[in-house]
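**Q** I'm passing along input15.csv; it holds CSV, C-alpha atoms.
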chain,number,residue,atom,x,y,z
A,1,MET,CA,44.3,181.6,172.4
A,2,PHE,CA,41.0,180.0,171.6
A,3,SER,CA,41.1,178.7,168.1
A,4,ILE,CA,38.4,177.0,166.0
A,5,HIS,CA,39.3,173.9,164.0
A,6,SER,CA,36.0,172.0,163.8
A,7,THR,CA,32.2,172.5,163.7
A,8,GLU,CA,31.9,171.4,167.3
A,9,GLN,CA,34.3,174.1,168.4
A,10,LEU,CA,32.5,176.7,166.3
A,11,LEU,CA,29.2,175.7,167.9
A,12,LYS,CA,30.7,175.8,171.4
A,13,ALA,CA,32.1,179.3,170.6
A,14,ILE,CA,28.6,180.5,169.4
A,15,ALA,CA,27.0,179.0,172.5
A,16,LEU,CA,29.5,180.6,174.9
A,17,ALA,CA,29.2,184.0,173.2
A,18,SER,CA,25.4,183.8,173.4
A,19,ALA,CA,25.6,182.8,177.0
A,20,VAL,CA,27.8,185.8,177.8
A,21,LEU,CA,25.5,188.2,175.9
A,22,SER,CA,22.5,186.8,177.8
A,23,VAL,CA,24.2,187.2,181.1
A,24,LEU,CA,25.3,190.8,180.2
A,25,VAL,CA,21.7,191.7,179.4
A,26,CYS,CA,20.5,190.2,182.7
A,27,VAL,CA,23.2,192.0,184.7
A,28,TRP,CA,22.4,195.3,182.9
A,29,TYR,CA,18.7,194.9,184.0
A,30,ILE,CA,19.7,194.0,187.6
A,31,VAL,CA,22.1,197.0,187.9
A,32,ARG,CA,20.0,199.6,186.1
A,33,ARG,CA,16.5,198.4,186.9
A,34,PRO,CA,15.0,200.4,184.0
A,35,HIS,CA,11.3,200.9,183.4
A,36,LEU,CA,9.5,198.2,181.5
A,37,ASN,CA,9.2,200.2,178.3
A,38,ARG,CA,9.5,199.0,174.8
A,39,VAL,CA,13.3,199.1,174.6
A,40,THR,CA,13.7,197.3,177.9
A,41,LYS,CA,11.2,194.6,176.9
A,42,SER,CA,13.0,194.1,173.6
A,43,MET,CA,16.4,193.9,175.3
A,44,LEU,CA,15.1,191.4,177.8
A,45,LEU,CA,13.4,189.4,175.0
A,46,LEU,CA,16.9,189.0,173.5
A,47,GLY,CA,18.6,188.3,176.8
A,48,LEU,CA,15.9,185.9,178.2
A,49,GLY,CA,14.6,184.4,174.9
A,50,ALA,CA,16.8,184.7,171.8
A,51,PHE,CA,20.3,184.2,173.3
A,52,PRO,CA,19.3,181.3,175.6
A,53,LEU,CA,17.6,179.6,172.7
A,54,ILE,CA,20.9,179.9,170.7
A,55,VAL,CA,22.8,178.5,173.7
A,56,SER,CA,20.4,175.6,173.9
A,57,LEU,CA,20.5,174.7,170.3
A,58,THR,CA,24.2,175.1,169.6
A,59,GLY,CA,25.1,173.8,173.1
A,60,ASN,CA,23.1,170.7,172.7
A,61,ILE,CA,24.5,169.9,169.3
A,62,ALA,CA,28.1,170.6,170.4
A,63,SER,CA,27.6,168.5,173.6
A,64,PHE,CA,26.0,165.6,171.7
A,65,GLU,CA,29.1,165.7,169.4
A,66,TYR,CA,31.4,165.6,172.4
A,67,THR,CA,29.6,162.7,173.9
A,68,LEU,CA,30.7,160.6,170.9
A,69,SER,CA,34.3,161.2,171.7
A,70,ARG,CA,36.8,158.9,173.5
A,71,PRO,CA,37.8,161.4,176.1
A,72,PHE,CA,34.1,161.7,177.1
A,73,CYS,CA,33.8,157.9,177.5
A,74,GLY,CA,37.0,157.9,179.5
A,75,SER,CA,36.0,160.7,181.8
A,76,CYS,CA,34.5,158.3,184.3
A,77,HIS,CA,37.4,156.8,186.2
A,78,VAL,CA,36.2,153.2,185.8
A,79,MET,CA,36.9,153.5,182.1
A,80,GLY,CA,40.5,154.4,182.8
A,81,PRO,CA,42.1,151.1,181.8
A,82,TYR,CA,39.9,150.9,178.6
A,83,LEU,CA,41.0,154.4,177.7
A,84,ARG,CA,44.7,153.9,178.3
A,85,ASP,CA,44.7,150.7,176.3
A,86,ALA,CA,42.8,152.3,173.4
A,87,GLU,CA,45.3,155.2,173.4
A,88,ASP,CA,48.4,153.1,173.8
A,89,PRO,CA,50.4,153.2,170.5
A,90,LYS,CA,52.2,150.0,171.4
A,91,SER,CA,49.0,148.0,172.2
A,92,ASN,CA,47.8,145.4,169.7
A,93,SER,CA,44.4,145.0,171.2
A,94,LEU,CA,41.4,145.5,168.8
A,95,ALA,CA,40.4,148.6,170.6
A,96,ALA,CA,43.9,150.2,170.2
A,97,MET,CA,44.2,149.2,166.6
A,98,HIS,CA,40.9,150.6,165.7
A,99,SER,CA,41.6,153.8,167.7
A,100,ARG,CA,44.7,154.3,165.7
A,101,ASN,CA,42.7,154.2,162.5
A,102,HIS,CA,42.0,157.8,161.4
A,103,LYS,CA,38.6,156.7,160.1
A,104,PHE,CA,37.5,156.1,163.7
A,105,GLY,CA,39.5,159.1,165.1
A,106,GLU,CA,38.4,160.2,168.5
A,107,THR,CA,35.1,158.4,168.3
A,108,SER,CA,36.4,154.8,168.4
A,109,CYS,CA,34.3,153.9,171.5
A,110,TYR,CA,31.1,155.1,169.9
A,111,THR,CA,31.7,153.7,166.5
A,112,CYS,CA,32.0,150.1,167.8
A,113,HIS,CA,29.6,150.3,170.8
A,114,ALA,CA,26.7,152.4,169.4
A,115,ASP,CA,23.5,150.7,168.3
A,116,TYR,CA,23.5,150.8,164.5
A,117,GLN,CA,19.8,150.4,163.7
A,118,MET,CA,17.4,153.2,162.7
A,119,PHE,CA,17.1,154.8,166.2
A,120,GLY,CA,20.6,153.7,167.3
A,121,ALA,CA,21.7,157.2,168.3
A,122,ILE,CA,18.7,157.5,170.7
A,123,THR,CA,19.0,154.0,172.2
A,124,THR,CA,22.7,154.5,172.7
A,125,LYS,CA,22.1,157.8,174.5
A,126,GLN,CA,19.4,156.1,176.7
A,127,ASN,CA,22.0,153.5,177.6
A,128,GLY,CA,24.4,156.4,178.4
A,129,MET,CA,21.9,157.6,181.0
A,130,LYS,CA,21.8,154.1,182.4
A,131,HIS,CA,25.6,154.2,182.6
A,132,LEU,CA,25.5,157.4,184.5
A,133,PHE,CA,22.9,156.0,187.0
A,134,LYS,CA,25.0,152.9,187.5
A,135,TYR,CA,28.1,154.9,187.9
A,136,LEU,CA,26.6,157.1,190.6
A,137,THR,CA,25.0,154.2,192.4
A,138,GLU,CA,27.6,151.5,192.1
A,139,TYR,CA,31.0,152.8,191.0
A,140,ALA,CA,31.3,156.3,192.4
A,141,SER,CA,33.3,155.3,195.4
A,142,THR,CA,35.4,152.6,193.8
A,143,GLY,CA,39.2,152.5,193.4
A,144,PRO,CA,41.2,154.5,190.8
A,145,ASP,CA,40.3,152.1,188.0
A,146,GLY,CA,37.0,151.0,189.4
A,147,GLU,CA,38.5,148.3,191.7
A,148,GLY,CA,36.0,147.0,194.2
A,149,GLY,CA,33.1,147.7,191.9
A,150,PRO,CA,31.0,145.2,190.1
A,151,THR,CA,32.4,143.7,186.9
A,152,ILE,CA,31.8,145.9,183.9
A,153,HIS,CA,29.8,144.1,181.2
A,154,LEU,CA,27.7,145.1,178.2
A,155,TYR,CA,23.9,145.3,178.6
A,156,LYS,CA,23.4,143.0,175.5
A,157,PRO,CA,25.8,140.8,173.5
A,158,PHE,CA,28.1,142.6,171.1
A,159,LYS,CA,26.8,142.0,167.5
A,160,SER,CA,28.9,141.5,164.5
A,161,GLY,CA,26.9,144.2,162.7
A,162,ALA,CA,29.2,146.8,164.3
A,163,CYS,CA,32.3,145.1,162.7
A,164,MET,CA,30.5,144.7,159.4
A,165,GLN,CA,30.0,148.5,159.1
A,166,CYS,CA,33.6,148.5,157.7
A,167,HIS,CA,34.5,144.8,157.3
A,168,SER,CA,32.3,143.6,154.5
A,169,ALA,CA,31.1,140.0,154.8
A,170,THR,CA,30.9,139.7,151.1
A,171,ALA,CA,34.4,140.8,150.1
A,172,LYS,CA,36.4,138.1,148.3
A,173,LYS,CA,39.3,138.0,150.7
A,174,TRP,CA,36.9,137.8,153.7
A,175,VAL,CA,34.9,135.0,152.2
A,176,GLU,CA,38.2,133.1,151.4
A,177,THR,CA,39.6,133.5,154.9
A,178,HIS,CA,36.3,132.7,156.8
A,179,GLY,CA,35.4,129.8,154.6
A,180,ASP,CA,33.0,127.5,156.5
A,181,SER,CA,31.9,129.9,159.1
A,182,ALA,CA,31.0,132.8,156.7
A,183,ASP,CA,27.3,131.9,156.5
A,184,ALA,CA,27.1,131.4,160.3
A,185,ILE,CA,28.7,134.9,160.9
A,186,ARG,CA,26.4,136.5,158.4
A,187,SER,CA,23.3,134.9,159.9
A,188,GLY,CA,24.4,135.9,163.4
A,189,GLU,CA,24.9,132.4,164.7
A,190,MET,CA,28.6,133.2,165.2
A,191,ASN,CA,30.0,136.5,166.3
A,192,CYS,CA,33.2,138.1,165.1
A,193,ILE,CA,34.4,138.4,168.7
A,194,ASP,CA,34.0,134.7,169.3
A,195,CYS,CA,37.4,134.4,167.6
A,196,HIS,CA,38.8,137.9,167.5
A,197,ASN,CA,38.5,138.3,171.2
A,198,ASP,CA,41.6,140.4,172.1
A,199,ILE,CA,39.4,143.5,172.5
A,200,HIS,CA,40.3,145.3,175.8
A,201,PRO,CA,42.9,143.0,177.4
A,202,LEU,CA,44.5,145.6,179.6
A,203,ALA,CA,41.2,146.5,181.1
A,204,LEU,CA,40.4,142.9,181.8
A,205,SER,CA,43.7,142.1,183.3
A,206,ARG,CA,43.3,145.0,185.7
A,207,ARG,CA,39.9,143.9,186.9
A,208,PRO,CA,40.2,140.9,189.3
A,209,GLY,CA,37.5,138.3,188.8
A,210,ALA,CA,36.6,139.5,185.3
A,211,GLY,CA,36.8,136.7,182.7
A,212,LYS,CA,37.3,137.4,179.0
A,213,GLY,CA,33.6,137.1,178.3
A,214,ALA,CA,32.8,139.8,180.7
A,215,ASP,CA,34.1,142.4,178.3
A,216,LYS,CA,32.3,141.3,175.2
B,1,MET,CA,4.2,192.3,190.5
B,2,ALA,CA,5.4,192.3,186.9
B,3,LYS,CA,8.8,193.8,187.9
B,4,LYS,CA,9.3,191.1,190.5
B,5,MET,CA,8.5,188.4,188.0
B,6,VAL,CA,11.0,189.9,185.5
B,7,LEU,CA,13.6,190.0,188.3
B,8,PHE,CA,13.0,186.3,189.1
B,9,SER,CA,13.2,185.5,185.4
B,10,VAL,CA,16.5,187.4,185.0
B,11,LEU,CA,18.0,185.6,187.9
B,12,GLY,CA,16.8,182.2,186.6
B,13,THR,CA,18.3,182.9,183.2
B,14,ILE,CA,21.7,183.7,184.8
B,15,VAL,CA,21.6,180.4,186.7
B,16,ALA,CA,20.7,178.5,183.5
B,17,MET,CA,23.4,180.2,181.5
B,18,ILE,CA,26.0,179.4,184.1
B,19,PHE,CA,24.9,175.8,184.0
B,20,MET,CA,25.0,175.6,180.3
B,21,ALA,CA,28.3,177.4,179.9
B,22,ALA,CA,29.9,175.2,182.5
B,23,SER,CA,28.8,172.1,180.7
B,24,ILE,CA,30.4,173.4,177.5
B,25,LEU,CA,33.6,174.4,179.2
B,26,PHE,CA,33.9,171.3,181.5
B,27,PRO,CA,31.9,168.5,179.7
B,28,HIS,CA,31.7,165.9,182.5
B,29,PRO,CA,28.8,163.5,182.0
B,30,LEU,CA,26.9,164.5,185.1
B,31,LEU,CA,27.3,168.2,184.4
B,32,LEU,CA,26.1,167.7,180.8
B,33,VAL,CA,23.0,165.8,182.0
B,34,LEU,CA,22.3,168.5,184.6
B,35,ALA,CA,22.7,171.3,182.0
B,36,MET,CA,20.6,169.6,179.4
B,37,SER,CA,17.7,168.9,181.9
B,38,ILE,CA,17.7,171.3,184.8
B,39,GLY,CA,19.6,174.1,183.1
B,40,GLN,CA,17.3,174.2,180.1
B,41,GLY,CA,14.2,173.7,182.3
B,42,ILE,CA,15.1,176.8,184.3
B,43,ALA,CA,15.7,178.7,181.1
B,44,ILE,CA,12.3,177.8,179.7
B,45,PHE,CA,10.6,178.6,183.0
B,46,ALA,CA,12.4,182.0,183.1
B,47,LEU,CA,11.2,182.8,179.6
B,48,VAL,CA,7.6,181.8,180.3
B,49,LEU,CA,7.7,183.9,183.5
B,50,TYR,CA,9.0,186.9,181.5
B,51,LEU,CA,6.3,186.6,178.8
B,52,LEU,CA,3.7,186.4,181.6
B,53,ALA,CA,5.1,189.5,183.2
B,54,VAL,CA,5.0,191.4,179.9
B,55,ALA,CA,1.4,190.2,179.4
B,56,LEU,CA,0.4,191.4,182.9
B,57,ASP,CA,2.2,194.7,182.3
B,58,LEU,CA,0.4,195.3,179.0
B,59,GLN,CA,-2.9,194.4,180.6
B,60,ALA,CA,-2.3,196.8,183.5
B,61,SER,CA,-1.4,199.7,181.2
B,62,GLY,CA,-4.4,199.0,178.9
B,63,ALA,CA,-2.2,198.4,175.9
B,64,ALA,CA,-3.5,195.0,175.4
B,65,TYR,CA,-6.7,194.5,173.5
B,66,ILE,CA,-9.1,192.6,175.7
B,67,PRO,CA,-12.4,192.0,173.9
B,68,ALA,CA,-15.4,192.9,176.0
B,69,GLU,CA,-18.4,190.7,176.4
B,70,GLU,CA,-20.6,190.9,173.3
B,71,PRO,CA,-23.5,193.3,173.8
B,72,PRO,CA,-27.0,191.8,173.5
B,73,VAL,CA,-28.4,191.8,170.0
B,74,TYR,CA,-31.2,194.3,169.5
B,75,GLU,CA,-34.2,192.8,167.9
B,76,GLU,CA,-36.9,195.1,166.5
B,77,PRO,CA,-40.3,194.3,168.1
B,78,PRO,CA,-42.9,192.9,165.7
B,79,PRO,CA,-45.4,195.6,164.5
B,80,ALA,CA,-48.6,195.7,166.4
B,81,GLU,CA,-51.8,194.6,164.6
B,82,GLY,CA,-53.8,197.4,163.0
B,83,SER,CA,-51.1,199.9,163.2
B,84,GLU,CA,-50.0,201.7,160.0
B,85,PRO,CA,-46.8,200.8,158.4
B,86,PRO,CA,-44.0,203.4,158.8
B,87,PRO,CA,-43.8,205.8,155.9
B,88,ALA,CA,-41.3,204.9,153.3
Output the file's structure in the form of C-alpha cells.

**A**
Amino acid sequence: MFSIHSTEQLLKAIALASAVLSVLVCVWYIVRRPHLNRVTKSMLLLGLGAFPLIVSLTGNIASFEYTLSRPFCGSCHVMGPYLRDAEDPKSNSLAAMHSRNHKFGETSCYTCHADYQMFGAITTKQNGMKHLFKYLTEYASTGPDGEGGPTIHLYKPFKSGACMQCHSATAKKWVETHGDSADAIRSGEMNCIDCHNDIHPLALSRRPGAGKGADK
Amino acid sequence: MAKKMVLFSVLGTIVAMIFMAASILFPHPLLLVLAMSIGQGIAIFALVLYLLAVALDLQASGAAYIPAEEPPVYEEPPPAEGSEPPPA
C-alpha cells in the first residue's frame, strides 16, 4: 500500500492524483464529445489548465528533491562502484563513513559534491545536465560499471569548503590537530583531500587506468 | 475549427500527463529531463491551444465584446456670417 512518510512523497502523491484527474477529464471529453458550453469549458479548464499546473509545480519540486538523493546519483550504471562503496556498512572510505552519518542521510553525494555558493543549486543542476550529456555520448554503451569508458573526473577541483560546512576550521581540536597547515587550508592553498584522500577507493580500484587523483 | 483545436489540446495534455507521471513513478535522469522539458512544453502548448479555441468559439458565437471602430466625431459647422443666432 502506498504510504506517505515525507514531504517528497506527499508532493508526488498530489502530482499523481492531479495527473489522473487531468487524464480523466481528457478521456471524458474524448468519449462524450460534449458541446463547448460553459460547463464543458470549465471542466476542460480544470483538466487542461489547473490540474496540469499542479502536476508541474508539485512534480518539479518532488523531482528536484529526488535528484538530491543517492539512489538518483547511482541510477546511471557508471556510478555503480561509487554507490556500492558508499552504501557498504563495512567500508571505511570517506564516502561510506559520511553516508552512514544520519545528518547526510540519503543525500550524501549531493551534500559533498554540490556547489555551495549563492547559486550553488543552479550550477549543480547545470552540471547535472552536463553529466547526462556525457553519459549519453560517452558512457551509454560501456561495461556494467562503466568499463571501457573515459576515466571519471570532476569538472573542477574539489574545494575544502564542502568539508568545512560541517568540520569547522576554527574549532579548538581542529586547530590543534592541523597545526602548521591550518592557515594554508583556510586560505585554500591546501585542500582537505590532499591528505584525507581515501574517498571512493572501491570505485577507483575498479576502473583500470584511474589514479587516485582522478577521483578528487 | 475550435472543436478540433480542443481535441488536439486534450490529446496533448494526455501525452504530457503520461510523461510527467512516468517521471514521478520511474525517476530516471533521462526521463526526468524529458518530462521537465518536453512534457511541460507540450502541456503549455495544449493549454494555449485550448484558450485560443475558447476565444475563437466566443468570437464565433458573438459572446465576446469586440469593440468596433470609433465613429467619426461630428463637429458642428461654424455659423454662416449674417445669419441670426438660433433662439435660446

**Q** Do me a favour and pick out the residues of chain A within 7 Å of chain B, using only C-alpha atoms, as a list in words.

**A** Lys12, Leu16, Ala19, Val23, Cys26, Leu48, Gly49, Gly59, Ser63 and Ser75 of chain A

**Q** Separation of atom CA of Ile199 of chain A and atom CA of Asn101 of chain A, in Å?

**A**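 Atom CA of Asn101 of chain A lies 15.0 Å from atom CA of Ile199 of chain A.
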
**Q** What is the distance, in Å and to one decimal place, between atom CA of Tyr110 of chain A and atom CA of Leu83 of chain A?

**A** 12.6 Å

**Q** Figure out the distance between atom CA of Gly74 of chain A and atom CA of Pro201 of chain A, please, to one decimal in Å.

**A**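 Those two atoms sit 16.2 Å apart.
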
**Q** Residues within 10 Å of Ala95 of chain A, please, as number ranges by chain. Count only C-alpha atoms; anything in the same chain fewer than 3 positions from it doesn't count.

**A** A: 82-83, 85-88, 91-92, 98-100, 108-109, 112, 198-201

**Q** Kindly indicate which residue among A:Ser18, A:Pro81, A:Cys76, A:Ser69 lies nearest to Pro52 of chain A, using only C-alpha atoms for the distances.

**A**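 Of A:Ser18, A:Pro81, A:Cys76, A:Ser69, the one nearest Pro52 of chain A, counting only C-alpha atoms, is A:Ser18.
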
**Q** So, counting all atoms listed in the file, which residue among A:Ile14, A:Cys73, A:Val31, A:Val39 is closest to Ile54 of chain A?

**A**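 Once distances to Ile54 of chain A are computed over all atoms listed in the file, the minimum belongs to A:Ile14.
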
**Q** Which of these, A:Thr111, A:Ser168, A:Thr177, A:Ser160, has the shortest distance to Glu189 of chain A once you count all atoms listed in the file?

**A**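 Among the listed residues, A:Ser160 lies closest to Glu189 of chain A.
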
**Q** Go through A:Leu44, A:Ser187, A:Leu68, A:Leu36 one by one, measure the shortest atom-to-atom distance of each to Ala121 of chain A using all atoms listed in the file, and give the residue with the smallest value.

**A**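 Closest to Ala121 of chain A, using all atoms listed in the file: A:Leu68.
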
**Q** Given the point (30.4, 138.2, 169.1) in the coordinates of this file, which residues lie within 10 Å, counting only C-alpha atoms, and how would they look as a PyMOL selection string?

**A** chain A and resi 157-163+185+188-197+213+216

**Q** Output C-alpha atoms for every residue in that selection, as a PDB file, in the coordinates of the input.

**A**
ATOM      1  CA  PRO A 157      25.800 140.800 173.500  1.00  0.00           C
ATOM      2  CA  PHE A 158      28.100 142.600 171.100  1.00  0.00           C
ATOM      3  CA  LYS A 159      26.800 142.000 167.500  1.00  0.00           C
ATOM      4  CA  SER A 160      28.900 141.500 164.500  1.00  0.00           C
ATOM      5  CA  GLY A 161      26.900 144.200 162.700  1.00  0.00           C
ATOM      6  CA  ALA A 162      29.200 146.800 164.300  1.00  0.00           C
ATOM      7  CA  CYS A 163      32.300 145.100 162.700  1.00  0.00           C
ATOM      8  CA  ILE A 185      28.700 134.900 160.900  1.00  0.00           C
ATOM      9  CA  GLY A 188      24.400 135.900 163.400  1.00  0.00           C
ATOM     10  CA  GLU A 189      24.900 132.400 164.700  1.00  0.00           C
ATOM     11  CA  MET A 190      28.600 133.200 165.200  1.00  0.00           C
ATOM     12  CA  ASN A 191      30.000 136.500 166.300  1.00  0.00           C
ATOM     13  CA  CYS A 192      33.200 138.100 165.100  1.00  0.00           C
ATOM     14  CA  ILE A 193      34.400 138.400 168.700  1.00  0.00           C
ATOM     15  CA  ASP A 194      34.000 134.700 169.300  1.00  0.00           C
ATOM     16  CA  CYS A 195      37.400 134.400 167.600  1.00  0.00           C
ATOM     17  CA  HIS A 196      38.800 137.900 167.500  1.00  0.00           C
ATOM     18  CA  ASN A 197      38.500 138.300 171.200  1.00  0.00           C
ATOM     19  CA  GLY A 213      33.600 137.100 178.300  1.00  0.00           C
ATOM     20  CA  LYS A 216      32.300 141.300 175.200  1.00  0.00           C
TER      21      LYS A 216
END
